[in-house]
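Student: Handing over work_26.pdb, PDB, C-alpha atoms.
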```
MODEL        1
ATOM      1  CA  MET I   1       0.000   0.000   0.000
ATOM      2  CA  THR I   2       1.162   3.520  -0.747
ATOM      3  CA  PRO I   3       1.269   6.104   2.055
ATOM      4  CA  GLU I   4      -1.865   7.733   0.622
ATOM      5  CA  GLN I   5      -3.677   4.373   0.636
ATOM      6  CA  LYS I   6      -2.623   3.840   4.251
ATOM      7  CA  VAL I   7      -4.196   7.173   5.200
ATOM      8  CA  LYS I   8      -7.341   6.222   3.293
ATOM      9  CA  TRP I   9      -7.409   2.987   5.296
ATOM     10  CA  LEU I  10      -7.133   5.016   8.528
ATOM     11  CA  VAL I  11     -10.128   7.104   7.437
ATOM     12  CA  LEU I  12     -12.135   3.977   6.567
ATOM     13  CA  ALA I  13     -11.198   2.367   9.899
ATOM     14  CA  TYR I  14     -12.354   5.484  11.753
ATOM     15  CA  LEU I  15     -15.570   5.491   9.727
ATOM     16  CA  ALA I  16     -16.172   1.831  10.586
ATOM     17  CA  SER I  17     -15.627   2.488  14.300
ATOM     18  CA  CYS I  18     -18.099   5.400  14.237
ATOM     19  CA  ASP I  19     -20.783   3.454  12.365
ATOM     20  CA  ASP I  20     -20.218   0.201  14.292
ATOM     21  CA  LEU I  21     -19.137  -1.607  11.108
ATOM     22  CA  PRO I  22     -16.313  -4.106  10.624
ATOM     23  CA  VAL I  23     -12.933  -2.476  10.057
ATOM     24  CA  PRO I  24     -11.473  -3.288   6.615
ATOM     25  CA  ALA I  25      -8.657  -5.816   6.589
ATOM     26  CA  TYR I  26      -5.135  -4.446   6.682
ATOM     27  CA  PRO I  27      -3.371  -4.407   4.312
ATOM     28  CA  CYS I  28      -6.296  -3.763   2.011
ATOM     29  CA  ASP I  29      -5.931  -4.464  -1.714
ATOM     30  CA  ASN I  30      -9.057  -2.516  -2.665
ATOM     31  CA  VAL I  31      -8.764   0.469  -0.314
ATOM     32  CA  ASP I  32      -9.155   2.977  -3.163
ATOM     33  CA  GLU I  33     -12.415   1.370  -4.300
ATOM     34  CA  LEU I  34     -13.770   1.186  -0.734
ATOM     35  CA  PHE I  35     -12.819   4.802  -0.128
ATOM     36  CA  ASP I  36     -14.464   5.992  -3.344
ATOM     37  CA  ALA I  37     -17.610   3.952  -2.638
ATOM     38  CA  ALA I  38     -18.063   5.245   0.928
ATOM     39  CA  ASP I  39     -20.623   7.933   1.751
ATOM     40  CA  LYS I  40     -18.876  11.236   0.954
ATOM     41  CA  ASP I  41     -20.360  13.153   3.897
ATOM     42  CA  HIS I  42     -19.241  10.507   6.393
ATOM     43  CA  VAL I  43     -15.828  10.215   4.744
ATOM     44  CA  TYR I  44     -15.322  13.980   4.909
ATOM     45  CA  ASP I  45     -16.177  14.034   8.624
ATOM     46  CA  CYS I  46     -13.782  11.153   9.282
ATOM     47  CA  GLN I  47     -11.042  12.803   7.236
ATOM     48  CA  CYS I  48     -11.385  15.868   9.441
ATOM     49  CA  GLU I  49     -10.899  13.700  12.529
ATOM     50  CA  VAL I  50      -7.966  11.677  11.145
ATOM     51  CA  ARG I  51      -6.038  14.583   9.596
ATOM     52  CA  SER I  52      -4.856  15.905  12.967
ATOM     53  CA  GLY I  53      -2.914  12.649  13.437
ATOM     54  CA  GLN I  54      -2.230  10.544  16.493
ATOM     55  CA  TYR I  55       1.256  11.868  17.207
ATOM     56  CA  GLU I  56       3.248  15.010  16.472
ATOM     57  CA  THR I  57       6.523  13.842  14.942
ATOM     58  CA  GLY I  58       8.715  16.919  15.294
ATOM     59  CA  LEU I  59       9.771  16.466  11.653
ATOM     60  CA  GLU I  60       9.982  19.528   9.423
ATOM     61  CA  PRO I  61       6.527  19.991   7.842
ATOM     62  CA  GLU I  62       5.562  21.578   4.564
ATOM     63  CA  TRP I  63       4.796  25.251   5.005
ATOM     64  CA  SER I  64       2.601  27.963   3.598
ATOM     65  CA  SER I  65       2.359  31.688   4.170
ATOM     66  CA  HIS I  66      -1.402  31.269   4.666
ATOM     67  CA  TYR I  67      -1.565  28.474   7.276
ATOM     68  CA  GLU I  68       0.289  27.003  10.218
ATOM     69  CA  SER I  69       1.506  23.423   9.882
ATOM     70  CA  LYS I  70       2.998  20.564  11.822
ATOM     71  CA  ALA I  71       4.118  17.072  10.910
ATOM     72  CA  VAL I  72       1.909  14.344  12.360
ATOM     73  CA  ALA I  73       1.715  10.568  12.075
ATOM     74  CA  ALA I  74      -0.518   7.613  12.874
ATOM     75  CA  ARG I  75       0.221   3.981  13.663
ATOM     76  CA  LEU I  76      -1.140   1.266  11.405
ATOM     77  CA  PRO I  77      -2.174  -2.237  12.528
ATOM     78  CA  ASP I  78       1.154  -3.748  11.432
ATOM     79  CA  GLY I  79       3.045  -1.354  13.741
ATOM     80  CA  SER I  80       4.314   0.881  10.943
ATOM     81  CA  PHE I  81       3.659   4.617  10.809
ATOM     82  CA  VAL I  82       2.535   6.971   8.088
ATOM     83  CA  GLY I  83       2.948  10.748   8.325
ATOM     84  CA  TRP I  84       1.592  13.887   6.698
ATOM     85  CA  THR I  85       1.358  17.638   7.162
ATOM     86  CA  TYR I  86      -1.466  18.869   9.373
ATOM     87  CA  TRP I  87      -2.605  22.311   8.235
ATOM     88  CA  TYR I  88      -4.413  24.624  10.669
ATOM     89  CA  GLY I  89      -5.043  28.292  11.387
ATOM     90  CA  GLY I  90      -5.549  30.769   8.596
ATOM     91  CA  GLY I  91      -7.728  33.219  10.439
ATOM     92  CA  LYS I  92     -11.415  33.942  10.158
ATOM     93  CA  HIS I  93     -11.750  33.110   6.470
ATOM     94  CA  GLY I  94      -9.171  30.313   6.354
ATOM     95  CA  ASP I  95     -10.099  26.759   5.445
ATOM     96  CA  PRO I  96      -7.047  24.565   6.061
ATOM     97  CA  GLY I  97      -9.205  21.440   5.891
ATOM     98  CA  SER I  98      -9.707  22.017   2.178
ATOM     99  CA  LEU I  99      -5.990  21.589   1.409
ATOM    100  CA  GLU I 100      -4.872  18.282  -0.075
ATOM    101  CA  TRP I 101      -2.980  16.340   2.548
ATOM    102  CA  MET I 102      -3.505  12.630   1.926
ATOM    103  CA  GLU I 103      -1.744  12.656  -1.424
ATOM    104  CA  ASN I 104       1.382  14.051   0.272
ATOM    105  CA  ALA I 105       1.533  11.369   2.976
ATOM    106  CA  TYR I 106       4.860   9.617   3.552
ATOM    107  CA  GLU I 107       6.304   6.653   5.412
ATOM    108  CA  VAL I 108       7.953   7.455   8.756
ATOM    109  CA  ASN I 109      10.081   5.418  11.095
ATOM    110  CA  CYS I 110       9.391   5.548  14.799
ATOM    111  CA  THR I 111      11.495   4.316  17.690
ATOM    112  CA  GLU I 112       9.708   4.146  21.010
ATOM    113  CA  GLU I 113      11.395   4.104  24.388
ATOM    114  CA  GLN I 114      10.019   4.611  27.856
ATOM    115  CA  LYS I 115      11.813   7.069  30.137
ATOM    116  CA  MET I 116      11.309   7.896  33.759
ATOM    117  CA  VAL I 117      11.023  11.662  34.128
ATOM    118  CA  THR I 118      11.098  13.891  37.179
ATOM    119  CA  VAL I 119       9.000  17.022  36.798
ATOM    120  CA  ARG I 120       9.425  19.864  39.269
ATOM    121  CA  THR I 121       6.853  22.626  39.610
ATOM    122  CA  PHE I 122       7.813  25.661  41.633
ATOM    123  CA  THR I 123       5.620  28.386  43.080
ATOM    124  CA  LYS I 124       6.692  31.414  45.035
ATOM    125  CA  ALA I 125       6.252  30.934  48.788
ATOM    126  CA  LYS I 126       4.219  33.499  50.674
ATOM    127  CA  SER I 127       6.275  35.502  53.163
ATOM    128  CA  GLU I 128       4.881  35.753  56.669
ATOM    129  CA  GLY I 129       4.855  39.043  58.566
ATOM    130  CA  VAL I 130       5.576  41.313  55.631
TER     131      VAL I 130
ENDMDL
END
```
Please re-express this file's structure in structure tokens.
Tutor:
Amino acid sequence: MTPEQKVKWLVLAYLASCDDLPVPAYPCDNVDELFDAADKDHVYDCQCEVRSGQYETGLEPEWSSHYESKAVAARLPDGSFVGWTYWYGGGKHGDPGSLEWMENAYEVNCTEEQKMVTVRTFTKAKSEGV
């Protein structure tokens, strides 16, 4: 499957979970046909949910002078990841959701490691008698 087809599968899987339908098999040989045959209104809503990604990658995203962007990714059932640029912002009349994003998806590698972290939060102590 191409990166774009993997994103289409993610959208179809989200659609299936919302409509209480079976999730398409992964990998899916006919993902393009299933995607094209799905109800366009439902697919659009699911695309809007999926396009923000599961994880911010910290990779350098595409950019535009009209919108903000960040690189995001999602995990697929086989443990691999696919990434794309998440467009947002644009002010009152902006419509970042209308930009093509699935066709520019790409494969990403991800290494996961668990770390123990100490977080310190400081506040200023109140002085007595002042």
Student: Would you write out, as a list in words, every residue that the PyMOL selection byres ((chain I and resi 61) around 12) captures in this file?
Tutor: Glu56, Thr57, Gly58, Leu59, Glu60, Glu62, Trp63, Ser64, Tyr67, Glu68, Ser69, Lys70, Ala71, Val72, Ala73, Gly83, Trp84, Thr85, Tyr86, Trp87, Trp101, Asn104, Ala105 and Tyr106 of chain I
Student: For this structure, which residues satisfy the selection - the PyMOL selection byres ((chain I and resi 5) around 10) - when it is evaluated on the file as given? I want them as a PyMOL selection string.
Tutor: chain I and resi 1-4+6-11+27-32+35+102-103+105
Student: Of the candidates I:Asp45, I:Leu34, I:Val82, I:Ala74, which one gets nearest to I:Val108 if we count all atoms listed in the file?
Tutor: I:Val82
Student: Between atom CA of I:Cys110 and atom CA of I:Tyr26, what is the distance, to one decimal in Å?
Tutor: 19.4 Å
Student: Let me make sure I understand: among I:Ala16, I:Val50, I:Val23, I:His42, which one has the smallest atom-to-atom distance to I:Pro77 if we use all atoms listed in the file?
Tutor: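 So, comparing all the options, the nearest one is I:Val23.
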Student: For each of I:Glu128, I:Lys92, I:Glu107, I:Leu15, take the minimum atom-to-atom distance to I:Tyr44, counting all atoms listed in the file, then give the residue where this is smallest.
Tutor: I:Leu15
